[in-house]
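Heads up: the structure comes next, in C-alpha cells.
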Amino acid sequence: LAFRNPDVQWSRASGEISNEEFRTKQYKESTRYRTRAIRFKMASHWEDFYSQHLPPSDFEDNRTLLKEFCERHNKAGERIALITSGGTTVPLEHNTVRFVDNFSAGTRGAASAEYFLDHGYVVIFMFRLKSLEPFTRHFNGQKFMDMLELNDRGPNTTITVKPDSVDILAPILARYQAAQEGGRILYINFTTVQDYFWLLRAACECLGPCGPKAVLYLAAAVSDFYIPSNEMPTHKIQSDGGPPIINLQLVPKLLAPLVNLWVPQAYVVSFKLETDENLLVAKARDALKKYKHKLVIANLLQTRRHRVVFVTIDSSFEIVLTREQMLSGIEIEDVIVSNVVLHHTDFIQHDQY
Ligand code: PMT
C-alpha cells in the first residue's frame, strides 16, 4: 500500500529523501493503512449486527431517559456506574414462542447496584426483565407477604408490617427511598440480545461525556450465539416437520467497540464466567489483552457466590468469603464493589485514562 502513496514515490524518485527515510516513511504508511483495515474489519462485524436488527419498540423513550440521567448527574460531578445484569435471550422465531436463554439470576448485578449507591455513585441498572432488582430482591417469592399482617377485615382494613419484620424491612426501605427520592437510580430493561446491544450502545453514547467518572460493570450474561434476523422463521417452528436444524452464528463481542470507540475514558470492568477452573484466569487475561480495558472479574459458575478473582494485566488476587461470613449475611458483592471503587478512584487520581 505504501507504494501506492504518490507522495512517497515522488520523494524517493526525486532523490529528496535517503533510502532509510524512504523505508521509515514506507513502514509508517503501511502501518497506517493496516490499522485502518483492522478497524474496518472490527467495525463491520458489530455494525452489521445493528444494521440487521431493529431497536426495541421503547428504544427512543429509554434513550431520552438515559440522556437526561447522564446529563443531570454529570453536571453535578457525580460518579456513575452502569451495571448490566441478568441473561439475554436469543429468539428462535420472530413471533417468539421459543428462545435460548443465558444463565443468570441477576443477583450479582442487583446486589452490586445497592453497594454502588452506598458508595455515593448514581446507578444505571440495565437488567433482564423479570430478573432480580436492587432492594426488591430481598423479598422475593412469598417473603414479602409473610412480613405483612392484615388487621380487622372489613371497611377499616389496615395492613401493617409484623413487628419482627420491621428490623429487616426498615433499613432496606430507607436505602430504597433515598435512591428513589434523589433520582439516583435509573432502571432500563432488556430481554433479547438485540435489545441489549441497542440499549448498551445508547447508554455508552450518553456516558461518553462523563469521561473517567463512569464505571461500566458488565455483569450480564450475554449470549455468544444467535440466529440472524433474516434466517429466523416468522411463525412458531412446527414439530411435524421433524427435528429442526438450527444454525447459530457468533454474536460479535461488544467489548471491542465499547472500550475503543464509545467510552474510551471510562473505567470498564468485564466479568468472565467459566465452568473450568483451569481456563479461568487465562481467559480473563486474554480478554484484557484483546480489549485493553483495565479489570476482569473472573468467576466459576459453581462457586460464584463466595469466590471471584480480580485479574488485571499484570496481577490477580482472589476474594473468598468464609462460611462464617456468608452465614452472618455478608455478600460477596459488598467486597467486590468496595474493591472496584478503590481501583476506580486510583484510575481517576492517577490519570490512567
Ligand atoms: O446473575 P448471577 O446469577 O448472580 O450470576 C452472575 C454472573 C455469573 C452471570 C456474573 O458474575 C458473570 O460472570 N457475568 C458475565 C457472564 C458472561 O457473559 O461471561 P462471558 O465470559 O460470556 O463474557 C465475558 C464478557 O464479555 C462479559 O462481561 C460480557 O459483557 C462481554 N460480552 C459477552 C458476549 C458478547 N457478545 N459481547 C460481550 O461484550
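By convention in this document, the chains of the C-alpha cells carry letters A, B, ... by their order, each chain's residues are numbered from 1, and ligands are numbered from 1 in the order they are shown.
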
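Every protein, DNA or RNA residue with an atom at most 12 Å from Arg304 in chain A, where only C-alpha atoms count and chain neighbours fewer than 2 positions away do not, is listed here: Ser104, Ala105, Thr107, Arg108, Ala219, Phe271, Lys272, Leu273, Glu274, Thr275, Glu277, Ile297, Ala298, Asn299, Leu300, Leu301, Gln302, His306, Arg307, Val308, Val309, Glu318, Ile319, Val320, Leu321, Glu331, Ile332, Glu333 and Ile336 of chain A.
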
Would you kindly return, as a PyMOL selection string, each protein, DNA or RNA residue with an atom no farther than 9 Å from any atom of Thr96 in chain A, considering only C-alpha atoms and excluding same-chain residues fewer than 2 positions away?
chain A and resi 91-94+98-99+234-236

May I ask which of the residues A:Thr191, A:Gln249, A:Ser112, A:Asn74 is the closest one to Gly87 in chain A, counting only C-alpha atoms?
A:Thr191

Among the residues A:Cys206, A:Ile237, A:Leu279, A:Ile188, the one that comes closest to Arg128 in chain A [using only C-alpha atoms]
A:Ile188

Asp314 in chain A: which residues within 12 Å, counting only C-alpha atoms, same-chain residues fewer than 5 positions away excluded, as a PyMOL selection string?
chain A and resi 281-282+284-286+288-289+294-296

Output of the above residues as an mmCIF file, in the first residue's frame, restricted to C-alpha atoms:
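Saved the output as out.cif:
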```cif
data_model
loop_
_atom_site.group_PDB
_atom_site.id
_atom_site.type_symbol
_atom_site.label_atom_id
_atom_site.label_comp_id
_atom_site.auth_asym_id
_atom_site.auth_seq_id
_atom_site.Cartn_x
_atom_site.Cartn_y
_atom_site.Cartn_z
ATOM 1 C CA VAL A 281 -7.535 -16.660 34.798
ATOM 2 C CA ALA A 282 -6.021 -17.338 31.373
ATOM 3 C CA ALA A 284 -9.687 -13.328 31.757
ATOM 4 C CA ARG A 285 -6.185 -12.183 30.829
ATOM 5 C CA ASP A 286 -6.819 -12.940 27.144
ATOM 6 C CA LEU A 288 -7.681 -7.818 28.861
ATOM 7 C CA LYS A 289 -5.059 -8.210 26.140
ATOM 8 C CA LYS A 294 -8.449 -2.437 32.994
ATOM 9 C CA LEU A 295 -10.144 -5.158 35.002
ATOM 10 C CA VAL A 296 -11.803 -8.539 34.585
#
```

Can you list, as a ChimeraX atom specification, every residue of range 78-295 of chain A that DSSP puts in strand (DSSP E)?
/A:80-85,89-91,99-101,122-128,148-151,158-161,185-190,214-218,225-226,249-250,267-274,295

Output of the above residues as a short mmCIF file (atom, residue, chain, number, x, y, z; two decimals), in the first residue's frame, restricted to N, CA and C atoms:
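Saved result, part06.cif, follows:
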```
data_model
loop_
_atom_site.label_atom_id
_atom_site.label_comp_id
_atom_site.auth_asym_id
_atom_site.auth_seq_id
_atom_site.Cartn_x
_atom_site.Cartn_y
_atom_site.Cartn_z
N ILE A 80 -20.80 7.79 37.98
CA ILE A 80 -21.94 7.00 37.50
C ILE A 80 -21.49 5.56 37.23
N ALA A 81 -22.26 4.60 37.75
CA ALA A 81 -21.98 3.19 37.43
C ALA A 81 -23.09 2.66 36.52
N LEU A 82 -22.69 2.14 35.37
CA LEU A 82 -23.64 1.43 34.53
C LEU A 82 -23.46 -0.05 34.83
N ILE A 83 -24.53 -0.66 35.34
CA ILE A 83 -24.46 -2.08 35.71
C ILE A 83 -25.35 -2.86 34.76
N THR A 84 -24.80 -3.87 34.09
CA THR A 84 -25.68 -4.74 33.30
C THR A 84 -25.88 -6.02 34.11
N SER A 85 -27.08 -6.59 34.01
CA SER A 85 -27.42 -7.67 34.92
C SER A 85 -28.45 -8.63 34.32
N THR A 89 -31.70 -13.21 25.98
CA THR A 89 -32.28 -14.34 25.27
C THR A 89 -32.00 -14.23 23.78
N VAL A 90 -32.09 -15.37 23.10
CA VAL A 90 -31.97 -15.43 21.65
C VAL A 90 -33.24 -16.08 21.11
N PRO A 91 -34.11 -15.28 20.49
CA PRO A 91 -35.37 -15.84 19.99
C PRO A 91 -35.12 -16.83 18.84
N PHE A 99 -37.17 -19.60 22.86
CA PHE A 99 -35.91 -18.84 22.80
C PHE A 99 -34.83 -19.59 23.58
N VAL A 100 -33.57 -19.27 23.25
CA VAL A 100 -32.45 -19.82 24.01
C VAL A 100 -32.11 -18.78 25.07
N ASP A 101 -31.93 -19.23 26.30
CA ASP A 101 -31.67 -18.28 27.38
C ASP A 101 -30.23 -18.41 27.87
N VAL A 122 -24.17 7.20 41.42
CA VAL A 122 -25.52 7.04 40.87
C VAL A 122 -25.44 5.87 39.90
N VAL A 123 -26.59 5.21 39.69
CA VAL A 123 -26.55 3.91 39.02
C VAL A 123 -27.54 3.82 37.86
N ILE A 124 -27.04 3.37 36.71
CA ILE A 124 -27.95 2.94 35.63
C ILE A 124 -28.01 1.42 35.74
N PHE A 125 -29.19 0.92 36.08
CA PHE A 125 -29.32 -0.53 36.25
C PHE A 125 -29.99 -1.10 35.01
N MET A 126 -29.18 -1.71 34.15
CA MET A 126 -29.70 -2.25 32.88
C MET A 126 -29.86 -3.76 33.05
N PHE A 127 -31.09 -4.20 33.13
CA PHE A 127 -31.32 -5.57 33.59
C PHE A 127 -32.31 -6.32 32.71
N ARG A 128 -32.19 -7.63 32.78
CA ARG A 128 -33.12 -8.50 32.08
C ARG A 128 -34.47 -8.46 32.80
N LEU A 148 -46.22 -9.25 56.30
CA LEU A 148 -47.36 -8.34 56.48
C LEU A 148 -48.47 -8.97 57.32
N GLU A 149 -49.23 -8.09 57.91
CA GLU A 149 -50.33 -8.55 58.75
C GLU A 149 -51.60 -7.79 58.35
N LEU A 150 -52.68 -8.53 58.19
CA LEU A 150 -53.96 -7.92 57.82
C LEU A 150 -54.74 -7.68 59.11
N ASN A 151 -55.13 -6.44 59.36
CA ASN A 151 -55.85 -6.16 60.61
C ASN A 151 -57.30 -5.83 60.30
N THR A 158 -56.66 -2.40 57.66
CA THR A 158 -55.31 -1.82 57.54
C THR A 158 -54.32 -2.98 57.43
N ILE A 159 -53.16 -2.64 56.85
CA ILE A 159 -52.10 -3.65 56.73
C ILE A 159 -50.88 -3.11 57.46
N THR A 160 -50.30 -3.91 58.31
CA THR A 160 -49.08 -3.45 59.00
C THR A 160 -47.96 -4.47 58.79
N VAL A 161 -46.75 -4.00 59.04
CA VAL A 161 -45.60 -4.90 58.97
C VAL A 161 -45.50 -5.61 60.32
N ILE A 185 -31.11 6.37 40.78
CA ILE A 185 -31.04 5.09 40.05
C ILE A 185 -32.03 5.11 38.88
N LEU A 186 -31.55 4.63 37.74
CA LEU A 186 -32.41 4.55 36.55
C LEU A 186 -32.49 3.08 36.14
N TYR A 187 -33.71 2.59 35.98
CA TYR A 187 -33.92 1.19 35.59
C TYR A 187 -34.21 1.12 34.10
N ILE A 188 -33.44 0.30 33.38
CA ILE A 188 -33.68 0.10 31.95
C ILE A 188 -33.69 -1.41 31.73
N ASN A 189 -34.72 -1.93 31.08
CA ASN A 189 -34.73 -3.40 30.94
C ASN A 189 -34.61 -3.88 29.51
N PHE A 190 -34.06 -5.09 29.38
CA PHE A 190 -33.92 -5.74 28.08
C PHE A 190 -34.40 -7.18 28.21
N ALA A 214 -17.18 7.60 34.83
CA ALA A 214 -18.10 6.49 34.57
C ALA A 214 -17.42 5.14 34.77
N VAL A 215 -18.15 4.24 35.45
CA VAL A 215 -17.71 2.84 35.57
C VAL A 215 -18.69 1.98 34.80
N LEU A 216 -18.20 1.11 33.95
CA LEU A 216 -19.09 0.13 33.31
C LEU A 216 -18.82 -1.21 33.96
N TYR A 217 -19.85 -1.80 34.51
CA TYR A 217 -19.71 -3.01 35.32
C TYR A 217 -20.59 -4.06 34.65
N LEU A 218 -19.96 -4.82 33.73
CA LEU A 218 -20.73 -5.62 32.76
C LEU A 218 -20.96 -7.03 33.29
N PHE A 225 -24.14 -16.80 20.98
CA PHE A 225 -24.62 -17.34 19.69
C PHE A 225 -26.04 -16.84 19.44
N TYR A 226 -26.38 -16.63 18.18
CA TYR A 226 -27.74 -16.16 17.88
C TYR A 226 -28.13 -16.59 16.47
N GLN A 249 -25.13 -18.37 14.80
CA GLN A 249 -23.95 -17.58 14.42
C GLN A 249 -23.32 -16.98 15.67
N LEU A 250 -22.07 -16.54 15.54
CA LEU A 250 -21.41 -15.91 16.69
C LEU A 250 -21.90 -14.48 16.87
N TYR A 267 -13.95 3.70 33.08
CA TYR A 267 -13.32 2.55 33.73
C TYR A 267 -14.22 1.33 33.47
N VAL A 268 -13.73 0.43 32.64
CA VAL A 268 -14.57 -0.69 32.20
C VAL A 268 -14.19 -1.98 32.95
N VAL A 269 -15.18 -2.57 33.58
CA VAL A 269 -14.97 -3.85 34.28
C VAL A 269 -15.82 -4.90 33.57
N SER A 270 -15.18 -5.92 33.03
CA SER A 270 -15.98 -7.00 32.46
C SER A 270 -15.90 -8.20 33.40
N PHE A 271 -16.83 -9.12 33.22
CA PHE A 271 -16.82 -10.35 34.01
C PHE A 271 -16.48 -11.52 33.10
N LYS A 272 -15.91 -12.55 33.67
CA LYS A 272 -15.61 -13.75 32.89
C LYS A 272 -16.23 -14.93 33.61
N LEU A 273 -17.13 -15.59 32.95
CA LEU A 273 -17.78 -16.75 33.56
C LEU A 273 -17.26 -18.02 32.89
N GLU A 274 -16.73 -18.92 33.70
CA GLU A 274 -16.28 -20.22 33.19
C GLU A 274 -16.82 -21.32 34.11
N LEU A 295 -9.88 -4.15 33.97
CA LEU A 295 -10.14 -5.16 35.00
C LEU A 295 -11.15 -6.20 34.53
#
```

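Across the model, the gap from CA of Gly211 in chain A to CA of Gln265 in chain A is 5.0 Å.
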
When DSSP is applied to the backbone of this structure, which of range 52-216 of chain A are assigned helix (DSSP H, G or I)? Write them out as a ChimeraX atom specification.
/A:52,59-75,107-118,136-139,143-146,163-181,193-213

Quick one: of A:Pro55, A:Gly86, A:Pro212, A:Pro134, who's nearest to Leu117 in chain A, counting only C-alpha atoms?
A:Pro134

Just to confirm, what's the straight-line distance from CA of Lys75 in chain A to CA of Arg175 in chain A in Å (one decimal)?
23.6 Å

Å distance separating CA of Leu65 in chain A from CA of Ala220 in chain A, one decimal place
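Between CA of Leu65 in chain A and CA of Ala220 in chain A the gap works out to 20.7 Å.
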
Just checking: using only C-alpha atoms and all ligand atoms, which residue out of A:Ile348, A:Leu261, A:Leu173, A:Leu132 ends up closest to ligand 1?
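Among the listed residues, the smallest separation from ligand 1 belongs to A:Leu132.
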
Between A:Thr303, A:Gln177, A:Asn156, A:Asn62, which residue has the minimum interatomic distance to Ala202 in chain A, considering only C-alpha atoms?
A:Asn62

Pick from A:Asp118, A:Thr88, A:Asn230, A:Asp167 nearest to Lys130 in chain A, counting only C-alpha atoms:
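Under the stated criterion, the closest residue is A:Thr88.
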
Near Ala76 in chain A, within 12 Å and counting only C-alpha atoms, which residues show up once chain neighbours fewer than 3 positions away are dropped, as a list of chain:residue names?
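Close residues of Ala76 in chain A: A:Phe69, A:Cys70, A:Glu71, A:Arg72, A:His73, A:Arg79, A:Ile80, A:Tyr121, A:Val122, A:Arg184, A:Cys210, A:Lys213.
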